[in-house]
>>> print(open('work-v5.tsv').read())   # TSV, C-alpha atoms
chain	number	residue	atom	x	y	z
A	1	MET	CA	-15.74	-26.30	23.52
A	2	ARG	CA	-14.11	-27.91	26.52
A	3	HIS	CA	-14.44	-25.93	29.74
A	4	ASP	CA	-11.75	-26.10	32.42
A	5	PRO	CA	-10.44	-29.60	31.65
A	6	GLU	CA	-7.69	-28.94	34.20
A	7	GLY	CA	-10.35	-28.87	36.92
A	8	ARG	CA	-9.16	-25.63	38.51
A	9	GLU	CA	-12.70	-24.51	39.22
A	10	THR	CA	-13.52	-27.84	40.85
A	11	ALA	CA	-10.40	-27.64	42.99
A	12	ALA	CA	-11.30	-24.12	44.14
A	13	LEU	CA	-14.87	-25.17	44.89
A	14	ILE	CA	-13.76	-28.16	46.91
A	15	GLU	CA	-11.40	-25.92	48.85
A	16	LEU	CA	-14.01	-23.29	49.62
A	17	LEU	CA	-17.01	-25.62	49.98
A	18	PRO	CA	-15.74	-28.33	52.33
A	19	GLY	CA	-17.97	-30.60	54.40
A	20	LEU	CA	-21.17	-30.30	52.36
A	21	GLU	CA	-22.59	-33.60	53.57
A	22	GLN	CA	-25.99	-33.08	55.24
A	23	LEU	CA	-25.98	-29.40	54.18
A	24	ARG	CA	-28.65	-27.63	52.13
A	25	VAL	CA	-27.31	-25.56	49.23
A	26	LEU	CA	-29.03	-22.86	47.18
A	27	GLU	CA	-27.27	-22.28	43.86
A	28	VAL	CA	-28.23	-19.01	42.16
A	29	GLY	CA	-27.74	-18.87	38.38
A	30	CYS	CA	-27.08	-22.56	37.83
A	31	GLY	CA	-27.47	-22.32	34.04
A	32	ASP	CA	-27.15	-25.78	32.49
A	33	GLY	CA	-25.72	-27.16	35.73
A	34	ARG	CA	-22.05	-27.13	34.80
A	35	LEU	CA	-21.00	-25.93	38.25
A	36	THR	CA	-23.67	-27.92	40.13
A	37	ARG	CA	-22.32	-31.23	38.81
A	38	ARG	CA	-18.95	-30.39	40.33
A	39	TYR	CA	-20.11	-30.41	43.95
A	40	ALA	CA	-23.69	-31.75	44.19
A	41	GLU	CA	-22.77	-35.36	44.88
A	42	ARG	CA	-21.06	-34.17	48.08
A	43	ALA	CA	-24.05	-32.09	49.24
A	44	GLY	CA	-27.05	-33.05	51.34
A	45	SER	CA	-29.41	-31.32	48.92
A	46	VAL	CA	-29.25	-28.59	46.30
A	47	LEU	CA	-31.90	-26.17	45.03
A	48	ALA	CA	-30.56	-24.87	41.72
A	49	ILE	CA	-32.30	-21.88	40.12
A	50	ASP	CA	-31.82	-19.92	36.90
A	51	PRO	CA	-34.03	-17.45	35.03
A	52	ASP	CA	-33.25	-18.99	31.60
A	53	PRO	CA	-35.85	-21.70	30.84
A	54	SER	CA	-33.78	-23.21	28.02
A	55	ALA	CA	-30.76	-23.61	30.32
A	56	ILE	CA	-33.00	-25.23	32.94
A	57	THR	CA	-34.38	-27.63	30.32
A	58	THR	CA	-30.83	-28.58	29.30
A	59	PHE	CA	-29.93	-29.11	32.96
A	60	ARG	CA	-32.98	-31.34	33.55
A	61	ASP	CA	-32.24	-33.33	30.39
A	62	THR	CA	-28.60	-33.93	31.23
A	63	ILE	CA	-28.43	-34.26	35.01
A	64	PRO	CA	-26.89	-37.60	36.01
A	65	SER	CA	-29.42	-39.99	37.51
A	66	ALA	CA	-27.31	-40.23	40.66
A	67	LEU	CA	-28.16	-36.58	41.38
A	68	HIS	CA	-31.92	-36.76	40.73
A	69	GLU	CA	-32.90	-37.15	44.35
A	70	ARG	CA	-30.38	-34.66	45.61
A	71	VAL	CA	-30.83	-31.74	43.20
A	72	GLN	CA	-34.03	-29.78	42.70
A	73	ILE	CA	-33.99	-27.59	39.57
A	74	ARG	CA	-36.26	-24.58	39.20
A	75	THR	CA	-36.69	-21.66	36.79
A	76	GLY	CA	-36.40	-18.36	38.64
A	77	THR	CA	-34.20	-15.88	40.43
A	78	ILE	CA	-33.38	-15.25	44.06
A	79	VAL	CA	-36.04	-12.51	43.91
A	80	THR	CA	-38.80	-14.76	42.55
A	81	LEU	CA	-37.89	-17.45	45.08
A	82	GLY	CA	-40.02	-15.59	47.62
A	83	GLU	CA	-39.30	-13.78	50.81
A	84	PRO	CA	-36.11	-15.06	52.41
A	85	SER	CA	-36.21	-17.29	55.45
A	86	PRO	CA	-33.18	-18.99	56.98
A	87	THR	CA	-33.32	-22.26	55.05
A	88	PHE	CA	-29.92	-22.93	53.48
A	89	ASP	CA	-26.47	-23.69	54.85
A	90	ARG	CA	-24.74	-22.46	51.72
A	91	VAL	CA	-25.76	-19.97	49.03
A	92	VAL	CA	-23.64	-20.18	45.89
A	93	PHE	CA	-23.63	-17.49	43.20
A	94	ALA	CA	-22.47	-19.41	40.13
A	95	TRP	CA	-21.01	-16.79	37.76
A	96	SER	CA	-24.33	-15.03	38.27
A	97	LEU	CA	-23.74	-11.95	40.40
B	1	MET	CA	-26.95	-7.32	42.41
B	2	VAL	CA	-26.72	-5.84	45.91
B	3	ASP	CA	-30.37	-6.76	46.44
B	4	ALA	CA	-29.56	-10.36	45.48
B	5	LEU	CA	-26.81	-10.45	48.09
B	6	GLU	CA	-29.15	-9.07	50.73
B	7	ARG	CA	-31.67	-11.78	49.90
B	8	ALA	CA	-28.92	-14.40	50.03
B	9	HIS	CA	-28.17	-13.19	53.56
B	10	GLY	CA	-31.81	-13.75	54.46
B	11	TRP	CA	-31.83	-17.30	53.05
B	12	LEU	CA	-28.79	-18.38	55.05
B	13	ARG	CA	-29.14	-20.22	58.32
B	14	PRO	CA	-27.01	-19.14	61.26
B	15	GLY	CA	-23.50	-20.44	60.66
B	16	GLY	CA	-24.11	-20.60	56.90
B	17	ARG	CA	-21.77	-19.37	54.21
B	18	LEU	CA	-22.07	-17.45	50.97
B	19	VAL	CA	-19.84	-18.52	48.07
B	20	ASP	CA	-19.53	-16.25	45.06
B	21	VAL	CA	-17.76	-17.33	41.88
B	22	HIS	CA	-17.32	-14.85	39.04
B	23	PRO	CA	-14.58	-13.69	36.67
B	24	THR	CA	-12.54	-10.68	37.64
B	25	ALA	CA	-12.87	-7.48	35.64
B	26	GLU	CA	-9.60	-8.32	33.87
B	27	ARG	CA	-10.24	-8.97	30.17
B	28	ALA	CA	-10.12	-12.54	28.89
B	29	TYR	CA	-7.14	-13.52	26.74
B	30	LEU	CA	-6.95	-15.62	23.60
B	31	GLU	CA	-3.88	-17.82	23.88
B	32	VAL	CA	-2.17	-20.55	21.86
B	33	GLN	CA	0.23	-23.12	23.21
B	34	VAL	CA	2.79	-24.00	20.56
B	35	GLY	CA	5.08	-26.69	21.88
B	36	ALA	CA	6.44	-25.38	25.15
B	37	ARG	CA	5.75	-21.79	24.12
B	38	LEU	CA	2.67	-19.84	25.24
B	39	VAL	CA	1.57	-17.11	22.82
B	40	CYS	CA	-1.01	-14.49	23.78
B	41	VAL	CA	-2.58	-13.49	20.48
B	42	GLY	CA	-5.22	-11.06	21.70
B	43	ARG	CA	-8.05	-10.26	24.07
B	44	VAL	CA	-11.81	-10.44	24.28
B	45	HIS	CA	-13.18	-6.93	23.88
B	46	ASP	CA	-16.30	-5.38	25.27
B	47	VAL	CA	-18.27	-4.26	22.22
B	48	ASP	CA	-20.98	-2.90	24.49
B	49	GLU	CA	-19.72	-0.97	27.50
B	50	GLN	CA	-22.92	-1.60	29.46
B	51	ILE	CA	-23.29	-5.36	29.09
B	52	GLY	CA	-19.77	-6.41	28.09
B	53	PRO	CA	-18.02	-8.86	30.43
B	54	SER	CA	-15.52	-6.40	31.91
B	55	ALA	CA	-18.28	-3.99	32.86
B	56	ARG	CA	-20.51	-6.79	34.20
B	57	HIS	CA	-17.76	-8.31	36.30
B	58	ALA	CA	-16.72	-4.90	37.63
B	59	ARG	CA	-20.34	-4.33	38.70
B	60	ALA	CA	-20.37	-7.72	40.43
B	61	ASP	CA	-17.16	-6.80	42.29
B	62	ALA	CA	-18.71	-3.48	43.32
B	63	ALA	CA	-21.92	-5.17	44.52
B	64	PHE	CA	-20.01	-7.66	46.63
B	65	ALA	CA	-17.84	-4.88	48.07
B	66	ALA	CA	-21.00	-2.92	48.92
B	67	ALA	CA	-22.49	-5.92	50.73
B	68	VAL	CA	-19.33	-6.24	52.81
B	69	GLU	CA	-19.20	-2.50	53.45
B	70	ARG	CA	-22.81	-2.53	54.66
B	71	GLY	CA	-21.89	-5.16	57.21
B	72	TRP	CA	-23.92	-8.03	55.77
B	73	PHE	CA	-20.96	-10.33	55.15
B	74	LEU	CA	-17.41	-10.85	56.34
B	75	VAL	CA	-14.97	-12.30	53.80
B	76	GLU	CA	-13.51	-15.54	55.15
B	77	GLU	CA	-11.51	-16.86	52.17
B	78	ARG	CA	-10.65	-15.52	48.75
B	79	ARG	CA	-8.92	-17.28	45.83
B	80	GLU	CA	-8.28	-16.69	42.16
B	81	PHE	CA	-7.74	-19.23	39.41
B	82	SER	CA	-7.36	-19.32	35.64
B	83	PHE	CA	-10.33	-20.75	33.77
B	84	ARG	CA	-9.63	-21.97	30.24
B	85	ARG	CA	-12.10	-22.86	27.52
B	86	TYR	CA	-10.55	-24.84	24.68
B	87	ALA	CA	-11.62	-24.91	21.03
B	88	ASP	CA	-10.35	-27.23	18.30
B	89	THR	CA	-10.56	-24.57	15.61
B	90	VAL	CA	-10.56	-20.80	15.26
B	91	ASP	CA	-14.06	-20.95	13.82
B	92	GLU	CA	-15.31	-22.82	16.87
B	93	MET	CA	-13.72	-20.22	19.16
B	94	ARG	CA	-15.10	-17.28	17.16
B	95	SER	CA	-18.56	-18.78	17.12
B	96	TYR	CA	-18.47	-19.52	20.85
B	97	VAL	CA	-17.22	-16.14	22.10
B	98	ASN	CA	-18.91	-13.87	19.59
B	99	GLY	CA	-22.13	-15.87	19.72
B	100	THR	CA	-22.55	-16.57	23.43
B	101	TRP	CA	-20.71	-13.91	25.40
B	102	LYS	CA	-22.98	-10.91	25.94
B	103	GLY	CA	-21.56	-7.65	24.59
B	104	ALA	CA	-18.17	-9.14	23.74
B	105	ALA	CA	-16.17	-10.18	20.70
B	106	LEU	CA	-12.73	-11.48	19.76
B	107	GLU	CA	-10.52	-9.30	17.62
B	108	GLU	CA	-10.37	-10.67	14.07
B	109	ARG	CA	-6.66	-9.89	14.01
B	110	ALA	CA	-6.14	-12.15	17.05
B	111	LEU	CA	-8.14	-14.96	15.44
B	112	LEU	CA	-6.04	-14.73	12.28
B	113	GLU	CA	-2.89	-14.89	14.36
B	114	ALA	CA	-4.23	-17.94	16.20
B	115	ALA	CA	-5.11	-19.60	12.89
B	116	ARG	CA	-1.57	-19.03	11.66
B	117	HIS	CA	-0.15	-20.85	14.72
B	118	LEU	CA	-2.63	-23.73	14.44
B	119	LEU	CA	-1.77	-24.20	10.76
B	120	ALA	CA	1.95	-24.14	11.45
B	121	ASP	CA	1.74	-26.69	14.27
B	122	PRO	CA	-1.14	-29.22	14.26
B	123	GLY	CA	-0.34	-29.98	17.89
B	124	ALA	CA	-0.94	-26.38	18.98
B	125	ARG	CA	-3.78	-25.81	21.47
B	126	LEU	CA	-6.14	-22.83	21.47
B	127	TRP	CA	-8.00	-21.48	24.46
B	128	VAL	CA	-9.60	-18.38	25.92
B	129	ARG	CA	-8.51	-17.70	29.50
B	130	GLU	CA	-10.41	-15.82	32.19
B	131	GLN	CA	-9.19	-14.97	35.65
B	132	VAL	CA	-11.88	-16.05	38.11
B	133	GLY	CA	-12.35	-15.04	41.73
B	134	ILE	CA	-14.04	-17.22	44.35
B	135	VAL	CA	-14.98	-15.84	47.74
B	136	ARG	CA	-16.45	-17.48	50.82
B	137	ALA	CA	-18.16	-15.10	53.21
B	138	ILE	CA	-19.83	-15.34	56.60
B	139	PRO	CA	-23.23	-13.66	57.01
B	140	ILE	CA	-23.12	-11.25	59.91
B	141	PRO	CA	-25.96	-12.00	62.35
B	142	GLY	CA	-28.34	-9.23	63.21
B	143	CYS	CA	-28.44	-7.74	59.73
B	144	ARG	CA	-32.01	-6.74	58.91
B	145	PRO	CA	-33.51	-6.28	55.43
B	146	SER	CA	-33.37	-2.73	54.20
B	147	PRO	CA	-36.62	-0.72	54.16
B	148	LEU	CA	-36.72	-1.24	50.37
B	149	VAL	CA	-36.80	-5.03	50.69
B	150	ALA	CA	-39.25	-4.82	53.60
B	151	LEU	CA	-41.59	-2.69	51.50
B	152	ARG	CA	-41.41	-5.14	48.59
B	153	ALA	CA	-42.37	-7.94	50.93
B	154	GLU	CA	-45.64	-6.23	51.88
>>> encode(input="work-v5.tsv", output="structure tokens")
Amino acid sequence: MRHDPEGRETAALIELLPGLEQLRVLEVGCGDGRLTRRYAERAGSVLAIDPDPSAITTFRDTIPSALHERVQIRTGTIVTLGEPSPTFDRVVFAWSL
Amino acid sequence: MVDALERAHGWLRPGGRLVDVHPTAERAYLEVQVGARLVCVGRVHDVDEQIGPSARHARADAAFAAAVERGWFLVEERREFSFRRYADTVDEMRSYVNGTWKGAALEERALLEAARHLLADPGARLWVREQVGIVRAIPIPGCRPSPLVALRAE
């Protein structure tokens, strides 16, 4: 399967997530990182979480080396992340609400 | 879902933004491009009304609307776009949708129709199309966790 080869999702993300440099992003429901790859190189840092361990393993195995330092990948949900404290500049629900 | 949005509010710094991307409740369509002609051959159906995509996406819409109604977020920007997933064969498409989409399936009649077009024109392209909404919202300062979330924190 080829997902969104036209890049419409990327275009929409770029439009609604401008100026990510230096910003901290929490991505909820990152799955295998399909969406994360589309914006992470523009972000200061990303914490990407998903409850599916197999999707997280796929993400860890396939993340480009250029994103290793920028993206932290963790199994979990926004509930298991702990009690909220104002930490992130952007929270992204990635097809996960 | 509403609880997740309330927690997201709590994780955001002042001046932060929430971005939500999810398909609309409109059903996904199976389409074939034959030359310059676009043929809609069928739709993805919810085979389980509780967990099927239309029901799930409608619940996500309702949760987001509830978060706005409760004053946690103010919608700043909203867009929609078409998201296409392409398959080289009908079998690949059937396997993908029926095997990975929760509570959903493609109509066999639509797949047969798609196969007929692909056989007739080797240059034809097959995809499933979803309408996707993306929203950017501003957290409203001063919102406090509900008593339910406060109790869970203890």
>>> residues_around(input="work-v5.tsv", residues="B:Ala4", least_positions_apart="2", cutoff="12 Å", atoms="all atoms listed in the file", output="PyMOL selection string")
(chain A and resi 28-29+77-84+91-93+96-97) or (chain B and resi 1-2+6-11+18+20+60+63-64+66-67+72+145+149)
>>> write_last_selection(input="work-v5.tsv", atoms="C-alpha atoms", output="mmCIF file, in the coordinates of the input")
data_model
loop_
_atom_site.group_PDB
_atom_site.id
_atom_site.type_symbol
_atom_site.label_atom_id
_atom_site.label_comp_id
_atom_site.auth_asym_id
_atom_site.auth_seq_id
_atom_site.Cartn_x
_atom_site.Cartn_y
_atom_site.Cartn_z
ATOM 1 C CA VAL A 28 -28.230 -19.010 42.160
ATOM 2 C CA GLY A 29 -27.740 -18.870 38.380
ATOM 3 C CA THR A 77 -34.200 -15.880 40.430
ATOM 4 C CA ILE A 78 -33.380 -15.250 44.060
ATOM 5 C CA VAL A 79 -36.040 -12.510 43.910
ATOM 6 C CA THR A 80 -38.800 -14.760 42.550
ATOM 7 C CA LEU A 81 -37.890 -17.450 45.080
ATOM 8 C CA GLY A 82 -40.020 -15.590 47.620
ATOM 9 C CA GLU A 83 -39.300 -13.780 50.810
ATOM 10 C CA PRO A 84 -36.110 -15.060 52.410
ATOM 11 C CA VAL A 91 -25.760 -19.970 49.030
ATOM 12 C CA VAL A 92 -23.640 -20.180 45.890
ATOM 13 C CA PHE A 93 -23.630 -17.490 43.200
ATOM 14 C CA SER A 96 -24.330 -15.030 38.270
ATOM 15 C CA LEU A 97 -23.740 -11.950 40.400
ATOM 16 C CA MET B 1 -26.950 -7.320 42.410
ATOM 17 C CA VAL B 2 -26.720 -5.840 45.910
ATOM 18 C CA GLU B 6 -29.150 -9.070 50.730
ATOM 19 C CA ARG B 7 -31.670 -11.780 49.900
ATOM 20 C CA ALA B 8 -28.920 -14.400 50.030
ATOM 21 C CA HIS B 9 -28.170 -13.190 53.560
ATOM 22 C CA GLY B 10 -31.810 -13.750 54.460
ATOM 23 C CA TRP B 11 -31.830 -17.300 53.050
ATOM 24 C CA LEU B 18 -22.070 -17.450 50.970
ATOM 25 C CA ASP B 20 -19.530 -16.250 45.060
ATOM 26 C CA ALA B 60 -20.370 -7.720 40.430
ATOM 27 C CA ALA B 63 -21.920 -5.170 44.520
ATOM 28 C CA PHE B 64 -20.010 -7.660 46.630
ATOM 29 C CA ALA B 66 -21.000 -2.920 48.920
ATOM 30 C CA ALA B 67 -22.490 -5.920 50.730
ATOM 31 C CA TRP B 72 -23.920 -8.030 55.770
ATOM 32 C CA PRO B 145 -33.510 -6.280 55.430
ATOM 33 C CA VAL B 149 -36.800 -5.030 50.690
#
>>> residues_around(input="work-v5.tsv", residues="stretch 87-103 of chain B", least_positions_apart="6", cutoff="9 Å", atoms="all atoms listed in the file", output="list of chain:residue names")
A:Met1, A:Arg2, B:Val44, B:His45, B:Asp46, B:Val47, B:Asp48, B:Glu49, B:Gln50, B:Ile51, B:Gly52, B:Pro53, B:Leu111, B:Leu112, B:Ala114, B:Ala115, B:Leu118, B:Arg125, B:Leu126, B:Trp127, B:Val128
>>> write_last_selection(input="work-v5.tsv", atoms="C-alpha atoms", output="compact mmCIF listing (two decimals), in the coordinates of the input")
# COMPACT_ATOMS: atom_id res chain seq x y z
CA MET A 1 -15.74 -26.30 23.52
CA ARG A 2 -14.11 -27.91 26.52
CA VAL B 44 -11.81 -10.44 24.28
CA HIS B 45 -13.18 -6.93 23.88
CA ASP B 46 -16.30 -5.38 25.27
CA VAL B 47 -18.27 -4.26 22.22
CA ASP B 48 -20.98 -2.90 24.49
CA GLU B 49 -19.72 -0.97 27.50
CA GLN B 50 -22.92 -1.60 29.46
CA ILE B 51 -23.29 -5.36 29.09
CA GLY B 52 -19.77 -6.41 28.09
CA PRO B 53 -18.02 -8.86 30.43
CA LEU B 111 -8.14 -14.96 15.44
CA LEU B 112 -6.04 -14.73 12.28
CA ALA B 114 -4.23 -17.94 16.20
CA ALA B 115 -5.11 -19.60 12.89
CA LEU B 118 -2.63 -23.73 14.44
CA ARG B 125 -3.78 -25.81 21.47
CA LEU B 126 -6.14 -22.83 21.47
CA TRP B 127 -8.00 -21.48 24.46
CA VAL B 128 -9.60 -18.38 25.92
>>> atom_distance(input="work-v5.tsv", atom1="atom CA of A:Asp32", atom2="atom CA of A:Ile14")
19.8 Å
>>> residues_around(input="work-v5.tsv", residues="A:Gln72", least_positions_apart="5", cutoff="12 Å", atoms="all atoms listed in the file", output="list in words")
Arg24, Val25, Leu26, Glu27, Cys30, Gly33, Thr36, Ala40, Gly44, Ser45, Val46, Leu47, Ala48, Ile49, Asp50, Ile56, Phe59, Arg60, Ile63 and Leu67 of chain A
>>> residues_around(input="work-v5.tsv", residues="A:Pro5", least_positions_apart="6", cutoff="10 Å", atoms="only C-alpha atoms", output="ChimeraX atom specification")
/B:83-86
>>> residues_around(input="work-v5.tsv", residues="A:Ala55", least_positions_apart="3", cutoff="6 Å", atoms="all atoms listed in the file", output="MDAnalysis selection string")
chainID A and resid 31:32 52 58
>>> closest_residue(input="work-v5.tsv", among="B:Ala110, B:Ile140, B:Ile134, B:Val39", to="B:Pro14", atoms="all atoms listed in the file")
B:Ile140
>>> closest_residue(input="work-v5.tsv", among="B:Ala65, B:Ala137, B:Val19, B:Arg70", to="chain A", atoms="all atoms listed in the file")
B:Val19
>>> atom_distance(input="work-v5.tsv", atom1="atom CA of B:Gly16", atom2="atom CA of A:Arg90")
5.5 Å
>>> atom_distance(input="work-v5.tsv", atom1="atom CA of B:His117", atom2="atom CA of B:Gln131")
23.5 Å
>>> axis_aligned_box(input="work-v5.tsv", around="stretch 16-19 of chain A", padding_each_side="5 Å", output="AutoDock Vina command-line options")
--center_x -16.0 --center_y -26.9 --center_z 52.0 --size_x 14.0 --size_y 17.3 --size_z 14.8
>>> closest_residue(input="work-v5.tsv", among="B:Ala120, B:Leu30, B:Val68, B:Ala58", to="chain A", atoms="all atoms listed in the file")
B:Ala58
>>> closest_residue(input="work-v5.tsv", among="B:Leu5, B:Ala25, B:Ala104, B:Ala124", to="B:Ala55", atoms="only C-alpha atoms")
B:Ala25
>>> closest_residue(input="work-v5.tsv", among="B:Glu76, B:Glu108, B:Asp121, B:Glu31", to="chain A", atoms="all atoms listed in the file")
B:Glu76
>>> closest_residue(input="work-v5.tsv", among="B:Val21, B:Ala28, B:Val34, B:Leu74", to="chain A", atoms="only C-alpha atoms")
B:Val21
